[in-house]
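Below: the structure, in structure tokens.
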Amino acid sequence: MSHEHHHHHVSADLKSSRLIWAIVINVALTFAQIIGGVISGSLALIADALHNLSDAISLVIALIAQKVSVKEHDAFMTFGYKRAEVIAAFTNLVTLVLVGFYLIYEAFWRLNEPQVIEGWMVIIVASIALVVDVVTALLTYSVSKDSVNMRVAFLHNVSDALASLAVIIAGVLILLYEWYFVDTFLTLLIASYVLYQAYTTLPSVINILMQGAPKNIKTEDVLQTMQETEGVANIHHLHLWQLDEHHNALEAHVVLENVAMLESVKEELKSTLSKTYFISHSCLEFEESHCEVQHC
């Protein structure tokens, strides 16, 4: 038990340090982009700097949530604070959707008023931004496999990296061939990617917040398994939900054929729920079979 507890905190410290580095690098990049925008006279680069700053803020939200999530349960939060990461993920996913729609707006606006990339300064700064975005994406990706909060932070970094790459490609093609449509095309491509990623990730986050059943577990399967347990006459008032991304919970009323079998049935049910369906928290209320007949 102590070994698992220690491992949990090492993992949390690693996530925090990666996020802190990502925040520092992104804030530094924001200032670099603002300076580059002022020198080159590019309003687009300054706008990109502000967009990058919003992503740095999203990383701060992810960091705060990660810090809160490792707090032990108390009298106020009896299930603990793990859902803080889910709330942060939801917040950052909503901002990701807004970014996606803003990019679409920008793309169509540029169809009417094409913008010339103002010199190599923009491309140079965008190249630096790409390197920074890739580094921060790698920092968050390495600790994103077991946390939806970190995965969403990673998606923000990926969208930044793609935006920087688009600026470089569009800038080069416009400077060489005056292909102004490339900028609009790549912007729409990035917006589509951002919205697709939000579309695929958001339902699972909402499912946890709405206390939905885990998507990989069918409630009817759990019900059948429990009712097939020796000594069980019936199961009703069954509720199955996710406490957070990694912990499932269940509560149910168990009607017993013989109340003398209570302890053995309880042990068997809890063992089956844990091993078969990875339900770590189960609250079972036991009833005698004649009680169910009276109430029905």
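FYI, nothing fancy with the structure tokens labels: chains A, B, ... in order, residues from 1 per chain, ligands from 1 as they appear.
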How would you write, as a list in words, the set of residues in stretch 200-232 of chain A that DSSP gives as alpha helix (DSSP H)? Thr200, Thr201, Leu202, Pro203, Ser204, Val205, Ile206, Asn207, Ile208, Leu209, Thr219, Glu220, Asp221, Val222, Leu223, Gln224, Thr225, Met226 and Gln227 of chain A
Those same residues, written as an mmCIF file, in the first residue's frame with C-alpha atoms?
```
data_model
loop_
_atom_site.group_PDB
_atom_site.id
_atom_site.type_symbol
_atom_site.label_atom_id
_atom_site.label_comp_id
_atom_site.auth_asym_id
_atom_site.auth_seq_id
_atom_site.Cartn_x
_atom_site.Cartn_y
_atom_site.Cartn_z
ATOM 1 C CA THR A 200 -13.819 13.091 -29.586
ATOM 2 C CA THR A 201 -12.596 14.013 -26.075
ATOM 3 C CA LEU A 202 -15.455 16.153 -24.727
ATOM 4 C CA PRO A 203 -18.125 13.377 -24.460
ATOM 5 C CA SER A 204 -16.015 11.270 -22.073
ATOM 6 C CA VAL A 205 -15.325 14.298 -19.862
ATOM 7 C CA ILE A 206 -19.021 15.262 -19.787
ATOM 8 C CA ASN A 207 -19.900 11.624 -19.015
ATOM 9 C CA ILE A 208 -17.803 11.743 -15.829
ATOM 10 C CA LEU A 209 -19.227 15.120 -14.757
ATOM 11 C CA THR A 219 -24.901 -1.754 -16.732
ATOM 12 C CA GLU A 220 -27.021 -4.731 -17.826
ATOM 13 C CA ASP A 221 -23.910 -6.972 -17.790
ATOM 14 C CA VAL A 222 -23.084 -5.910 -14.231
ATOM 15 C CA LEU A 223 -26.696 -6.503 -13.200
ATOM 16 C CA GLN A 224 -26.741 -9.981 -14.732
ATOM 17 C CA THR A 225 -23.416 -10.937 -13.156
ATOM 18 C CA MET A 226 -24.601 -9.846 -9.723
ATOM 19 C CA GLN A 227 -27.946 -11.650 -10.042
#
```
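Using only C-alpha atoms for every distance, the candidate list A:Trp120, A:Tyr81, A:Phe31, A:Tyr196 yields A:Tyr81 as the residue closest to A:Ile64.
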Do you know which residues are at most 6 Å from A:Ser280 counting only C-alpha atoms, after dropping those on the same chain fewer than 2 positions away, and could you put them as a ChimeraX atom specification? /A:248,274,278
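Here atom CA of A:Ile25 and atom CA of A:Thr136 stand 7.5 Å from one another.
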Set out as a tab-separated table a contact list for stretch 172-232 of chain A and stretch 256-259 of chain A with a cut-off of 12 Å, giving each residue of stretch 172-232 of chain A that qualifies its closest atom pair and distance in Å to one decimal, counting only C-alpha atoms, ordered by chain and rising residue number.
```
residue	atom	partner	partner_atom	distance
A:Met226	CA	A:Leu256	CA	11.5
A:Gln227	CA	A:Leu256	CA	10.1
A:Glu228	CA	A:Leu256	CA	11.9
A:Thr229	CA	A:Leu256	CA	10.3
A:Glu230	CA	A:Glu257	CA	9.0
A:Gly231	CA	A:Glu257	CA	5.4
A:Val232	CA	A:Leu256	CA	4.9
```
Leaving out stretch 184-193 of chain A and any residue of its chain fewer than 2 positions from it, which residues lie within 6 Å of it when counting only C-alpha atoms, given as number ranges by chain? A: 100, 103-104, 107, 166, 181-182, 195-196
For A:Met77, work out the shell of residues within 12 Å, counting only C-alpha atoms and skipping chain neighbours fewer than 6 positions away, then give it as a ChimeraX atom specification. /A:68-69,71,83-84,243
Convert the current residue selection to file output with N, CA and C atoms, as a PDB file, in the first residue's frame.
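Final output, saved to selection.pdb:
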```
ATOM      1  N   VAL A  68      -4.473  20.245  -7.039  1.00  0.00           N
ATOM      2  CA  VAL A  68      -5.646  20.030  -6.194  1.00  0.00           C
ATOM      3  C   VAL A  68      -6.037  18.552  -6.172  1.00  0.00           C
ATOM      4  N   SER A  69      -5.904  17.875  -7.327  1.00  0.00           N
ATOM      5  CA  SER A  69      -6.394  16.505  -7.469  1.00  0.00           C
ATOM      6  C   SER A  69      -5.693  15.499  -6.555  1.00  0.00           C
ATOM      7  N   LYS A  71      -4.842  15.996  -3.468  1.00  0.00           N
ATOM      8  CA  LYS A  71      -5.200  16.176  -2.060  1.00  0.00           C
ATOM      9  C   LYS A  71      -6.008  14.981  -1.562  1.00  0.00           C
ATOM     10  N   ARG A  83     -11.564  14.825  -9.226  1.00  0.00           N
ATOM     11  CA  ARG A  83     -12.348  15.383 -10.329  1.00  0.00           C
ATOM     12  C   ARG A  83     -11.922  16.798 -10.724  1.00  0.00           C
ATOM     13  N   ALA A  84     -11.047  17.405  -9.942  1.00  0.00           N
ATOM     14  CA  ALA A  84     -10.534  18.735 -10.303  1.00  0.00           C
ATOM     15  C   ALA A  84      -9.893  18.684 -11.693  1.00  0.00           C
ATOM     16  N   LEU A 243     -16.183   7.843 -10.573  1.00  0.00           N
ATOM     17  CA  LEU A 243     -15.752   8.855  -9.615  1.00  0.00           C
ATOM     18  C   LEU A 243     -14.799   9.830 -10.288  1.00  0.00           C
TER      19      LEU A 243
END
```
Closest of A:Arg151, A:His239, A:Lys67, A:Lys270 to A:Leu139 - atom-to-atom distances counting only C-alpha atoms: A:Arg151
